[in-house]
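Source file: coords_13.txt. Holds: compact mmCIF, C-alpha atoms.
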# COMPACT_ATOMS: atom_id res chain seq x y z
CA MET A 1 59.72 -122.05 94.91
CA THR A 2 59.46 -125.18 92.81
CA ARG A 3 60.29 -124.87 89.11
CA TYR A 4 58.99 -127.29 86.49
CA ASN A 5 60.77 -127.97 83.19
CA ASN A 6 58.07 -127.77 80.48
CA HIS A 7 60.48 -128.40 77.57
CA LYS A 8 59.43 -131.52 75.62
CA GLY A 9 61.54 -133.59 73.18
CA PHE A 10 62.25 -137.02 71.77
CA THR A 11 64.15 -139.56 73.67
CA LEU A 12 66.98 -141.32 71.87
CA VAL A 13 64.86 -144.46 71.57
CA GLU A 14 61.96 -142.56 70.02
CA LEU A 15 64.30 -140.88 67.55
CA LEU A 16 65.80 -144.21 66.50
CA VAL A 17 62.31 -145.66 66.00
CA VAL A 18 61.29 -142.74 63.77
CA ILE A 19 64.49 -143.08 61.72
CA ALA A 20 63.88 -146.81 61.36
CA ILE A 21 60.30 -146.24 60.19
CA ILE A 22 61.48 -143.68 57.63
CA GLY A 23 64.11 -146.13 56.40
CA ILE A 24 61.53 -148.87 56.00
CA LEU A 25 59.21 -146.54 54.09
CA ILE A 26 62.03 -145.49 51.75
CA GLY A 27 62.95 -149.14 51.28
CA LEU A 28 59.36 -149.89 50.29
CA LEU A 29 59.10 -146.83 48.08
CA LEU A 30 62.30 -147.21 46.02
CA PRO A 31 61.32 -150.48 44.29
CA ALA A 32 57.97 -148.95 43.40
CA VAL A 33 59.69 -145.88 41.95
CA GLN A 34 62.13 -148.05 40.02
CA ALA A 35 59.29 -150.21 38.72
CA ALA A 36 57.39 -147.11 37.62
CA ARG A 37 60.47 -145.79 35.82
CA GLU A 38 61.04 -149.11 34.05
CA ALA A 39 57.37 -149.22 33.07
CA ALA A 40 57.79 -145.78 31.50
CA ARG A 41 60.98 -146.85 29.72
CA ARG A 42 59.30 -150.00 28.44
CA MET A 43 56.38 -147.92 27.18
CA GLN A 44 58.80 -145.64 25.33
CA CYS A 45 60.52 -148.68 23.83
CA THR A 46 57.12 -149.96 22.69
CA ASN A 47 56.42 -146.59 21.08
CA ASN A 48 59.82 -146.60 19.31
CA LEU A 49 59.05 -149.99 17.76
CA LYS A 50 55.56 -148.84 16.85
CA GLN A 51 57.08 -145.91 14.95
CA LEU A 52 59.43 -148.27 13.11
CA GLY A 53 56.47 -150.42 12.11
CA LEU A 54 54.59 -147.39 10.80
CA ALA A 55 57.71 -146.18 8.99
CA ALA A 56 58.05 -149.53 7.21
CA GLN A 57 54.40 -149.46 6.18
CA ASN A 58 54.63 -145.87 4.93
CA PHE A 59 57.80 -146.73 3.03
CA HIS A 60 55.87 -149.58 1.40
CA ASP A 61 52.97 -147.26 0.51
CA VAL A 62 55.35 -144.92 -1.30
CA ASN A 63 57.66 -147.45 -2.98
CA GLY A 64 55.52 -150.57 -3.38
CA TYR A 65 57.89 -152.75 -1.35
CA LEU A 66 59.38 -152.89 2.13
CA PRO A 67 62.83 -151.62 3.11
CA SER A 68 65.52 -154.23 2.58
CA ARG A 69 67.82 -155.79 5.14
CA SER A 70 70.69 -154.82 2.79
CA GLY A 71 71.16 -153.39 -0.68
CA GLN A 72 68.50 -150.67 -0.56
CA ALA A 73 66.57 -150.91 -3.81
CA ILE A 74 65.72 -147.20 -3.89
CA TRP A 75 69.46 -146.51 -4.18
CA LYS A 76 70.13 -149.19 -6.77
CA SER A 77 69.87 -146.78 -9.70
CA VAL A 78 72.75 -144.76 -8.26
CA ALA A 79 74.76 -147.74 -6.99
CA SER A 80 77.71 -146.61 -9.09
CA LYS A 81 78.15 -143.69 -6.67
CA ASN A 82 79.06 -146.00 -3.80
CA GLY A 83 81.18 -149.14 -3.97
CA GLN A 84 79.60 -150.42 -0.75
CA TRP A 85 75.99 -149.55 -1.50
CA THR A 86 74.71 -152.98 -0.44
CA ARG A 87 76.04 -152.42 3.08
CA TRP A 88 73.64 -149.60 3.94
CA SER A 89 70.89 -150.74 6.30
CA GLY A 90 67.12 -150.59 6.14
CA LEU A 91 67.12 -148.15 9.07
CA CYS A 92 68.76 -145.55 6.82
CA VAL A 93 65.96 -145.45 4.27
CA MET A 94 63.24 -145.37 6.94
CA LEU A 95 64.55 -142.11 8.41
CA PRO A 96 62.25 -139.84 6.32
CA TYR A 97 59.24 -141.75 7.67
CA MET A 98 60.37 -141.18 11.26
CA GLU A 99 60.49 -137.36 11.03
CA GLN A 100 64.23 -137.54 10.34
CA THR A 101 64.26 -136.19 6.79
CA ALA A 102 67.15 -133.82 7.41
CA LEU A 103 69.30 -136.64 8.77
CA TYR A 104 68.32 -138.85 5.84
CA ASN A 105 69.44 -136.16 3.40
CA ASP A 106 72.79 -135.95 5.18
CA VAL A 107 73.17 -139.75 5.12
CA TYR A 108 72.31 -139.88 1.43
CA GLU A 109 74.85 -137.13 0.73
CA GLU A 110 77.49 -139.27 2.41
CA PHE A 111 76.35 -142.22 0.33
CA GLU A 112 76.81 -140.17 -2.85
CA LYS A 113 80.30 -139.21 -1.69
CA ASN A 114 81.21 -142.91 -1.62
CA TYR A 115 81.50 -143.05 2.15
CA THR A 116 81.28 -146.50 3.71
CA PRO A 117 79.01 -147.35 6.64
CA TRP A 118 82.07 -147.90 8.83
CA GLY A 119 84.14 -144.79 8.21
CA PRO A 120 85.59 -142.30 8.11
CA SER A 121 83.45 -141.52 11.11
CA GLU A 122 84.42 -138.18 12.59
CA GLY A 123 81.62 -135.64 12.28
CA ARG A 124 79.49 -137.81 10.01
CA ALA A 125 75.71 -137.99 9.96
CA VAL A 126 75.82 -141.68 10.84
CA CYS A 127 77.54 -140.80 14.13
CA LYS A 128 74.35 -139.20 15.42
CA MET A 129 72.36 -140.94 18.11
CA VAL A 130 68.75 -141.27 16.98
CA ASP A 131 66.32 -141.45 19.88
CA GLY A 132 64.00 -143.68 17.87
CA PHE A 133 66.76 -146.28 17.51
CA LEU A 134 67.55 -146.52 21.23
CA CYS A 135 65.73 -148.40 23.98
CA PRO A 136 65.75 -146.20 27.11
CA SER A 137 66.26 -149.28 29.31
CA ASP A 138 69.66 -149.86 27.69
CA GLY A 139 72.08 -147.15 28.77
CA ASN A 140 74.85 -148.47 26.53
CA GLY A 141 73.42 -146.57 23.57
CA ARG A 142 74.50 -143.23 25.01
CA THR A 143 77.45 -143.99 27.24
CA SER A 144 79.58 -145.71 24.63
CA THR A 145 82.81 -144.03 23.52
CA SER A 146 82.66 -145.17 19.91
CA GLU A 147 82.06 -142.51 17.27
CA LEU A 148 79.38 -144.34 15.30
CA GLY A 149 75.66 -144.23 16.11
CA ARG A 150 74.07 -147.09 18.02
CA THR A 151 70.84 -149.02 17.63
CA ASN A 152 68.84 -151.40 19.78
CA TYR A 153 66.27 -152.05 17.07
CA ARG A 154 66.82 -154.60 14.33
CA LEU A 155 65.16 -156.00 11.23
CA CYS A 156 64.08 -159.63 11.43
CA THR A 157 65.86 -161.85 8.94
CA GLY A 158 63.89 -165.00 9.67
CA ASP A 159 64.50 -168.47 11.04
CA ILE A 160 67.29 -169.76 8.81
CA PRO A 161 70.92 -168.84 9.48
CA LEU A 162 71.78 -166.90 6.35
CA SER A 163 74.38 -164.25 5.72
CA TRP A 164 73.21 -160.67 5.21
CA GLU A 165 73.78 -160.73 1.43
CA TRP A 166 72.08 -163.98 0.42
CA ASP A 167 69.34 -163.25 -2.07
CA GLU A 168 66.66 -165.50 -0.61
CA ALA A 169 64.50 -164.23 2.25
CA ARG A 170 62.52 -166.17 4.84
CA SER A 171 61.49 -162.93 6.52
CA ALA A 172 59.80 -159.77 5.32
CA PHE A 173 63.15 -158.15 4.47
CA GLY A 174 65.17 -159.28 1.49
CA ASP A 175 68.40 -158.20 -0.11
CA GLY A 176 67.30 -155.27 -2.27
CA GLU A 177 70.12 -155.83 -4.73
CA LYS A 178 68.43 -159.07 -5.81
CA LYS A 179 64.93 -159.23 -4.34
CA THR A 180 62.43 -156.93 -2.69
CA VAL A 181 59.46 -158.04 -0.60
CA ASN A 182 56.00 -156.49 -0.63
CA LEU A 183 53.15 -157.06 1.78
CA SER A 184 51.31 -159.38 -0.60
CA ALA A 185 54.26 -161.78 -0.42
CA ILE A 186 53.77 -162.18 3.33
CA THR A 187 51.33 -165.06 3.01
CA ASP A 188 51.50 -165.96 6.71
CA GLY A 189 49.82 -162.61 7.40
CA THR A 190 51.38 -159.42 8.73
CA SER A 191 49.92 -160.06 12.20
CA ASN A 192 51.88 -163.35 12.31
CA THR A 193 55.17 -162.01 10.93
CA VAL A 194 57.81 -160.22 12.99
CA PHE A 195 59.30 -157.09 11.45
CA PHE A 196 61.45 -155.63 14.25
CA SER A 197 62.68 -156.45 17.72
CA GLU A 198 65.41 -155.27 20.05
CA ALA A 199 68.86 -156.46 21.09
CA CYS A 200 71.14 -155.12 23.80
CA ILE A 201 74.04 -152.97 22.65
CA GLY A 202 77.44 -154.46 23.35
CA THR A 203 80.36 -152.87 25.19
CA SER A 204 83.74 -154.11 26.32
CA ALA A 205 82.31 -154.19 29.85
CA ASN A 206 79.66 -156.77 29.02
CA GLU A 207 81.61 -159.19 26.85
CA LYS A 208 80.92 -162.00 29.31
CA LYS A 209 77.25 -161.09 29.61
CA VAL A 210 74.76 -163.06 27.54
CA LYS A 211 73.00 -159.78 26.77
CA GLY A 212 75.29 -157.71 24.59
CA GLY A 213 78.14 -160.23 24.49
CA ILE A 214 79.26 -162.22 21.45
CA VAL A 215 80.30 -165.86 21.66
CA LEU A 216 83.01 -166.69 19.13
CA LEU A 217 82.66 -170.21 17.71
CA GLN A 218 85.70 -171.46 15.85
CA GLY A 219 85.93 -173.67 12.79
CA ASN A 220 83.59 -175.10 10.15
CA PHE A 221 81.16 -177.41 11.83
CA TYR A 222 77.49 -178.20 11.87
CA ASN A 223 76.58 -180.88 14.39
CA GLY A 224 80.15 -182.07 14.05
CA ARG A 225 80.26 -182.15 10.23
CA SER A 226 82.72 -180.05 8.29
CA ILE A 227 80.88 -177.97 5.69
CA THR A 228 81.11 -174.60 3.99
CA GLY A 229 78.77 -171.63 3.86
CA ALA A 230 76.09 -170.25 6.17
CA PHE A 231 76.73 -170.21 9.91
CA CYS A 232 77.88 -173.78 10.41
CA PHE A 233 76.23 -174.17 13.82
CA THR A 234 72.80 -175.06 15.17
CA PRO A 235 71.03 -172.88 17.74
CA ALA A 236 71.77 -175.53 20.40
CA ILE A 237 75.52 -175.13 19.89
CA CYS A 238 75.15 -171.40 20.52
CA ALA A 239 72.76 -171.86 23.46
CA ALA A 240 75.26 -174.15 25.18
CA ALA A 241 77.54 -171.15 25.69
CA ARG A 242 75.37 -169.91 28.56
CA GLY A 243 77.03 -170.93 31.82
CA SER A 244 75.35 -172.02 35.04
CA ASN A 245 75.65 -168.48 36.41
CA GLY A 246 73.67 -167.07 33.49
CA GLU A 247 76.72 -165.49 31.87
CA ILE A 248 78.79 -166.82 28.97
CA SER A 249 80.72 -169.86 30.12
CA ASN A 250 84.47 -169.53 30.54
CA ALA A 251 84.80 -172.49 28.19
CA TYR A 252 83.83 -170.21 25.30
CA SER A 253 85.69 -167.34 23.71
CA VAL A 254 83.99 -163.96 23.74
CA GLY A 255 84.85 -160.71 22.03
CA THR A 256 84.07 -158.48 19.10
CA VAL A 257 83.27 -159.04 15.45
CA GLY A 258 86.12 -157.30 13.73
CA ASP A 259 86.70 -154.54 16.26
CA GLN A 260 83.02 -153.81 16.89
CA HIS A 261 80.34 -154.84 19.37
CA LEU A 262 76.66 -155.55 18.81
CA GLY A 263 74.54 -152.65 17.57
CA TRP A 264 77.41 -150.22 17.01
CA ARG A 265 76.35 -149.07 13.51
CA TRP A 266 72.72 -148.25 12.75
CA ASP A 267 73.71 -147.54 9.15
CA ASP A 268 75.36 -150.94 8.51
CA SER A 269 73.44 -153.96 7.19
CA HIS A 270 75.85 -156.60 8.48
CA ASN A 271 74.27 -159.14 10.81
CA ALA A 272 75.96 -157.91 13.97
CA TYR A 273 74.60 -154.38 13.69
CA THR A 274 71.01 -154.24 12.39
CA LEU A 275 69.63 -157.80 11.98
CA PHE A 276 68.34 -160.57 14.28
CA TRP A 277 66.99 -164.13 14.02
CA THR A 278 63.96 -165.90 15.49
CA MET A 279 65.81 -169.12 16.22
CA LEU A 280 67.14 -168.91 19.76
CA PRO A 281 64.61 -167.49 22.27
CA PRO A 282 64.81 -163.89 23.49
CA ASN A 283 67.71 -163.21 25.86
CA ALA A 284 69.64 -166.23 24.56
CA PRO A 285 73.33 -165.89 23.59
CA THR A 286 74.47 -164.33 20.32
CA CYS A 287 77.17 -166.28 18.44
CA ALA A 288 79.55 -165.49 15.61
CA LYS A 289 81.56 -167.86 13.45
CA ASP A 290 85.26 -167.04 13.65
CA SER A 291 84.61 -163.43 14.75
CA ASN A 292 82.85 -162.76 11.45
CA GLU A 293 80.41 -159.84 11.62
CA ASP A 294 78.30 -161.14 8.72
CA LEU A 295 78.21 -164.70 10.11
CA THR A 296 76.74 -163.66 13.44
CA MET A 297 73.48 -165.18 14.71
CA VAL A 298 71.96 -162.38 16.79
CA SER A 299 69.31 -163.25 19.37
CA ALA A 300 66.70 -160.70 20.42
CA SER A 301 67.46 -159.35 23.89
CA SER A 302 66.55 -156.51 26.22
CA TYR A 303 66.82 -155.20 29.76
CA HIS A 304 63.06 -155.55 30.20
CA SER A 305 62.33 -158.32 32.63
CA GLY A 306 61.50 -161.66 31.05
CA GLY A 307 61.51 -160.94 27.32
CA VAL A 308 61.59 -158.39 24.51
CA ASN A 309 59.31 -155.96 22.74
CA THR A 310 58.58 -157.02 19.18
CA CYS A 311 56.86 -155.21 16.30
CA PHE A 312 54.80 -157.23 13.84
CA GLY A 313 53.96 -156.41 10.26
CA ASP A 314 50.51 -155.07 11.12
CA GLY A 315 52.13 -152.43 13.33
CA SER A 316 51.22 -154.09 16.62
CA VAL A 317 53.89 -154.34 19.32
CA ARG A 318 53.81 -157.38 21.59
CA PHE A 319 56.00 -158.48 24.45
CA ILE A 320 57.57 -161.86 23.60
CA SER A 321 58.53 -163.97 26.60
CA GLU A 322 61.95 -165.59 26.75
CA THR A 323 60.10 -168.86 27.41
CA ILE A 324 58.37 -168.83 23.99
CA ASP A 325 58.38 -172.17 22.17
CA CYS A 326 61.45 -172.41 19.92
CA GLY A 327 61.12 -176.04 18.88
CA ASP A 328 64.06 -178.41 18.89
CA GLN A 329 67.15 -176.22 19.13
CA SER A 330 69.37 -179.08 18.01
CA ASN A 331 67.40 -179.37 14.76
CA ASP A 332 69.82 -179.84 11.89
CA LEU A 333 68.29 -177.65 9.22
CA TYR A 334 70.59 -179.08 6.60
CA ASN A 335 68.62 -182.33 6.71
CA LEU A 336 65.56 -180.45 5.45
CA VAL A 337 67.00 -179.37 2.10
CA PRO A 338 68.23 -181.51 -0.84
CA ASN A 339 71.37 -179.44 -1.32
CA LYS A 340 73.16 -179.25 2.01
CA GLU A 341 75.01 -176.13 0.90
CA ARG A 342 71.78 -174.19 0.26
CA PRO A 343 69.66 -173.95 3.42
CA GLN A 344 67.97 -170.94 1.86
CA ASP A 345 66.08 -173.33 -0.44
CA TYR A 346 63.91 -174.50 2.45
CA GLY A 347 60.39 -173.11 2.11
CA GLY A 348 58.35 -175.14 4.59
CA LYS A 349 57.19 -174.59 8.14
CA SER A 350 59.70 -173.31 10.65
CA ALA A 351 61.88 -175.85 12.39
CA TYR A 352 62.07 -173.64 15.48
CA GLY A 353 58.63 -173.54 17.01
CA VAL A 354 56.36 -170.53 17.48
CA TRP A 355 59.23 -168.04 17.58
CA GLY A 356 60.66 -169.40 14.35
CA ALA A 357 57.21 -169.32 12.74
CA TYR A 358 56.85 -165.65 13.62
CA GLY A 359 60.12 -164.98 11.82
CA SER A 360 59.06 -166.60 8.55
CA ALA A 361 56.90 -164.57 6.20
CA SER A 362 55.54 -167.41 4.08
CA GLY A 363 56.24 -170.66 5.92
CA GLY A 364 52.58 -171.67 6.01
CA GLU A 365 52.30 -171.70 9.80
CA THR A 366 49.31 -170.55 11.84
CA VAL A 367 50.43 -169.50 15.29
CA THR A 368 48.89 -167.69 18.25
CA LEU A 369 50.19 -166.66 21.65

What is this file in structure tokens?
Amino acid sequence: MTRYNNHKGFTLVELLVVIAIIGILIGLLLPAVQAAREAARRMQCTNNLKQLGLAAQNFHDVNGYLPSRSGQAIWKSVASKNGQWTRWSGLCVMLPYMEQTALYNDVYEEFEKNYTPWGPSEGRAVCKMVDGFLCPSDGNGRTSTSELGRTNYRLCTGDIPLSWEWDEARSAFGDGEKKTVNLSAITDGTSNTVFFSEACIGTSANEKKVKGGIVLLQGNFYNGRSITGAFCFTPAICAAARGSNGEISNAYSVGTVGDQHLGWRWDDSHNAYTLFWTMLPPNAPTCAKDSNEDLTMVSASSYHSGGVNTCFGDGSVRFISETIDCGDQSNDLYNLVPNKERPQDYGGKSAYGVWGAYGSASGGETVTL
């Protein structure tokens, strides 16, 4: 009797072909999944900035002026309670308008107790991570080991390299100790004036990265001239720190300002923590003079491909490309003002192209993208 084997199965070749097809499909699917996740993260970042824009407008409706980059005017009447009251950032006073009233009350209580924005830090309200201050595409906001709260989002301080405490303001945010800004003072129009943008949070692991790293420029110089005050360097001097590999060149020193990295204190009004400039294009290097946290020119940056999300004064959020026109980066701003020691006296059109014009609140420019 003849017996037939009716059992059917895959040959080794067929099995390998099936595995290869599955591998190809997974390889095609993963980039799509990653792109979808980044699109969702970017949308959440856009929403975070939108909420900041609405918070600033609601703050203005209640108080008659915008939050300040430093020296919060609504705390000025009780300034005697805190010897460092000018160091508290505009993000602090916007908390009640972001559904964070309880946290604001805790922060204000610390202010009344004469706490500083930099410590003591253990168990403090300012150590809390606020979701609305963190871009989900930047994991450094949650993985850092420092005790103080982080922020990706920053107030625009314009297109002139000024320290955090100078009384003049090219942007929509002044120093509340000396000057507040209301919407009527934004003569360029709120739709043409940047309020907020994002910058990558620094860590010791990304010191050499352009995004999140800080280039330390030594000495008093401005296009080779020894001077005093302000930042003492043009945007071009800072931009030159980017090496051919896209990271900070080994010819430049990198590190921290004081002992801190970018964005490590959402409660602190110093340049390195809650402010940025529209001088260098998005994703350009950030530079500090002599490791000075309040003489740090912060460039907008993000982990979104090709640019940054930016909130304008009318509440709209637009994606600004890193290829936006920034004018002549070697422009020596000190040639534009009579007194070379007072660049803040300049009141004309921005010297730094469309991006610079967006940073000025009353420069007289008309710009469109």

(Q) I'd like the neighbourhood of region 132-137 of chain A as a PyMOL selection string, where a residue qualifies if any of its atoms comes within 7 Å (using only C-alpha atoms), though same-chain residues fewer than 5 positions away should be ignored. (A) chain A and resi 41+45+48+151-153+303

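Atom to atom, CA of His304 (chain A) and CA of Phe276 (chain A) stand 17.5 Å apart.
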
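Between CA of Thr157 (chain A) and CA of Ala172 (chain A) lies a distance of 7.4 Å.
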
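Going from CA of Gly119 (chain A) over to CA of Asp267 (chain A), you cover 10.8 Å.
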
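When all atoms listed in the file are used to compute distances to Leu216 (chain A), the closest of the residues A:Phe233, A:Tyr108, A:Trp355, A:Tyr97 turns out to be A:Phe233.
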
Q: Give me the residues within 10 Å of Thr190 (chain A) as a list in words, counting only C-alpha atoms and dropping any in the same chain fewer than 5 places off.
A: Ala172, Leu183, Ser184, Ala185, Phe195, Phe312, Gly313, Asp314, Gly315, Ser316, Tyr358 and Ala361 of chain A

So that I can see what lies close to Trp118 (chain A), please list as a PDB file with C-alpha atoms, in the frame of the given file the residues with an atom at most 12 Å from it, counting all atoms listed in the file and leaving out residues fewer than 5 positions away in the same chain.
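Output file result26.pdb is given in full below:
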ATOM      1  CA  GLN A  84      79.600-150.420  -0.750  1.00  0.00           C
ATOM      2  CA  ARG A  87      76.040-152.420   3.080  1.00  0.00           C
ATOM      3  CA  TRP A  88      73.640-149.600   3.940  1.00  0.00           C
ATOM      4  CA  SER A  89      70.890-150.740   6.300  1.00  0.00           C
ATOM      5  CA  GLU A 110      77.490-139.270   2.410  1.00  0.00           C
ATOM      6  CA  PHE A 111      76.350-142.220   0.330  1.00  0.00           C
ATOM      7  CA  ARG A 124      79.490-137.810  10.010  1.00  0.00           C
ATOM      8  CA  ALA A 125      75.710-137.990   9.960  1.00  0.00           C
ATOM      9  CA  VAL A 126      75.820-141.680  10.840  1.00  0.00           C
ATOM     10  CA  CYS A 127      77.540-140.800  14.130  1.00  0.00           C
ATOM     11  CA  SER A 146      82.660-145.170  19.910  1.00  0.00           C
ATOM     12  CA  GLU A 147      82.060-142.510  17.270  1.00  0.00           C
ATOM     13  CA  LEU A 148      79.380-144.340  15.300  1.00  0.00           C
ATOM     14  CA  GLY A 149      75.660-144.230  16.110  1.00  0.00           C
ATOM     15  CA  GLY A 258      86.120-157.300  13.730  1.00  0.00           C
ATOM     16  CA  ASP A 259      86.700-154.540  16.260  1.00  0.00           C
ATOM     17  CA  GLN A 260      83.020-153.810  16.890  1.00  0.00           C
ATOM     18  CA  TRP A 264      77.410-150.220  17.010  1.00  0.00           C
ATOM     19  CA  ARG A 265      76.350-149.070  13.510  1.00  0.00           C
ATOM     20  CA  TRP A 266      72.720-148.250  12.750  1.00  0.00           C
ATOM     21  CA  ASP A 267      73.710-147.540   9.150  1.00  0.00           C
ATOM     22  CA  ASP A 268      75.360-150.940   8.510  1.00  0.00           C
ATOM     23  CA  SER A 269      73.440-153.960   7.190  1.00  0.00           C
ATOM     24  CA  HIS A 270      75.850-156.600   8.480  1.00  0.00           C
ATOM     25  CA  TYR A 273      74.600-154.380  13.690  1.00  0.00           C
TER      26      TYR A 273
END

Q.
Using only C-alpha atoms, can you tell me which of A:Leu275, A:Cys92, A:Ser302, A:Lys208 comes closest to Gly139 (chain A)?
A. A:Ser302

Missing atoms in region 275-282 of chain A: fill them in up to all heavy atoms and send the result as an mmCIF file, keeping the file's coordinate frame.
data_model
loop_
_atom_site.group_PDB
_atom_site.id
_atom_site.type_symbol
_atom_site.label_atom_id
_atom_site.label_comp_id
_atom_site.auth_asym_id
_atom_site.auth_seq_id
_atom_site.Cartn_x
_atom_site.Cartn_y
_atom_site.Cartn_z
ATOM 1 N N LEU A 275 70.494 -156.652 12.271
ATOM 2 C CA LEU A 275 69.630 -157.800 11.980
ATOM 3 C C LEU A 275 69.523 -158.704 13.201
ATOM 4 O O LEU A 275 70.362 -158.670 14.096
ATOM 5 C CB LEU A 275 70.187 -158.606 10.800
ATOM 6 C CG LEU A 275 70.425 -157.850 9.493
ATOM 7 C CD1 LEU A 275 71.000 -158.796 8.436
ATOM 8 C CD2 LEU A 275 69.161 -157.189 8.987
ATOM 9 N N PHE A 276 68.460 -159.537 13.244
ATOM 10 C CA PHE A 276 68.340 -160.570 14.280
ATOM 11 C C PHE A 276 67.556 -161.744 13.724
ATOM 12 O O PHE A 276 66.899 -161.646 12.693
ATOM 13 C CB PHE A 276 67.676 -160.020 15.553
ATOM 14 C CG PHE A 276 66.170 -160.005 15.494
ATOM 15 C CD1 PHE A 276 65.425 -160.994 16.114
ATOM 16 C CD2 PHE A 276 65.496 -158.996 14.818
ATOM 17 C CE1 PHE A 276 64.038 -160.991 16.065
ATOM 18 C CE2 PHE A 276 64.105 -158.977 14.762
ATOM 19 C CZ PHE A 276 63.377 -159.978 15.385
ATOM 20 N N TRP A 277 67.623 -162.885 14.458
ATOM 21 C CA TRP A 277 66.990 -164.130 14.020
ATOM 22 C C TRP A 277 65.986 -164.620 15.066
ATOM 23 O O TRP A 277 66.185 -164.443 16.272
ATOM 24 C CB TRP A 277 68.046 -165.231 13.796
ATOM 25 C CG TRP A 277 68.688 -165.135 12.468
ATOM 26 C CD1 TRP A 277 68.449 -165.896 11.356
ATOM 27 C CD2 TRP A 277 69.681 -164.181 12.071
ATOM 28 N NE1 TRP A 277 69.236 -165.473 10.301
ATOM 29 C CE2 TRP A 277 69.990 -164.423 10.709
ATOM 30 C CE3 TRP A 277 70.337 -163.141 12.721
ATOM 31 C CZ2 TRP A 277 70.918 -163.669 10.007
ATOM 32 C CZ3 TRP A 277 71.257 -162.388 12.024
ATOM 33 C CH2 TRP A 277 71.540 -162.656 10.685
ATOM 34 N N THR A 278 64.933 -165.280 14.590
ATOM 35 C CA THR A 278 63.960 -165.900 15.490
ATOM 36 C C THR A 278 64.248 -167.403 15.575
ATOM 37 O O THR A 278 63.424 -168.238 15.199
ATOM 38 C CB THR A 278 62.523 -165.666 15.007
ATOM 39 O OG1 THR A 278 62.400 -166.178 13.665
ATOM 40 C CG2 THR A 278 62.164 -164.200 15.013
ATOM 41 N N MET A 279 65.395 -167.723 16.079
ATOM 42 C CA MET A 279 65.810 -169.120 16.220
ATOM 43 C C MET A 279 65.999 -169.435 17.701
ATOM 44 O O MET A 279 65.249 -170.192 18.287
ATOM 45 C CB MET A 279 67.077 -169.383 15.422
ATOM 46 C CG MET A 279 66.882 -169.160 13.917
ATOM 47 S SD MET A 279 68.393 -169.317 12.960
ATOM 48 C CE MET A 279 68.699 -171.069 13.092
ATOM 49 N N LEU A 280 66.997 -168.829 18.322
ATOM 50 C CA LEU A 280 67.140 -168.910 19.760
ATOM 51 C C LEU A 280 66.116 -167.991 20.424
ATOM 52 O O LEU A 280 65.748 -166.951 19.870
ATOM 53 C CB LEU A 280 68.546 -168.498 20.176
ATOM 54 C CG LEU A 280 69.641 -169.523 19.889
ATOM 55 C CD1 LEU A 280 70.990 -168.851 19.818
ATOM 56 C CD2 LEU A 280 69.624 -170.611 20.950
ATOM 57 N N PRO A 281 65.623 -168.327 21.620
ATOM 58 C CA PRO A 281 64.610 -167.490 22.270
ATOM 59 C C PRO A 281 65.185 -166.149 22.692
ATOM 60 O O PRO A 281 66.407 -165.965 22.753
ATOM 61 C CB PRO A 281 64.210 -168.331 23.492
ATOM 62 C CG PRO A 281 65.401 -169.181 23.776
ATOM 63 C CD PRO A 281 65.990 -169.502 22.432
ATOM 64 N N PRO A 282 64.322 -165.177 22.983
ATOM 65 C CA PRO A 282 64.810 -163.890 23.490
ATOM 66 C C PRO A 282 65.700 -164.063 24.708
ATOM 67 O O PRO A 282 65.487 -164.941 25.541
ATOM 68 C CB PRO A 282 63.510 -163.152 23.853
ATOM 69 C CG PRO A 282 62.480 -163.734 22.932
ATOM 70 C CD PRO A 282 62.854 -165.185 22.797
#
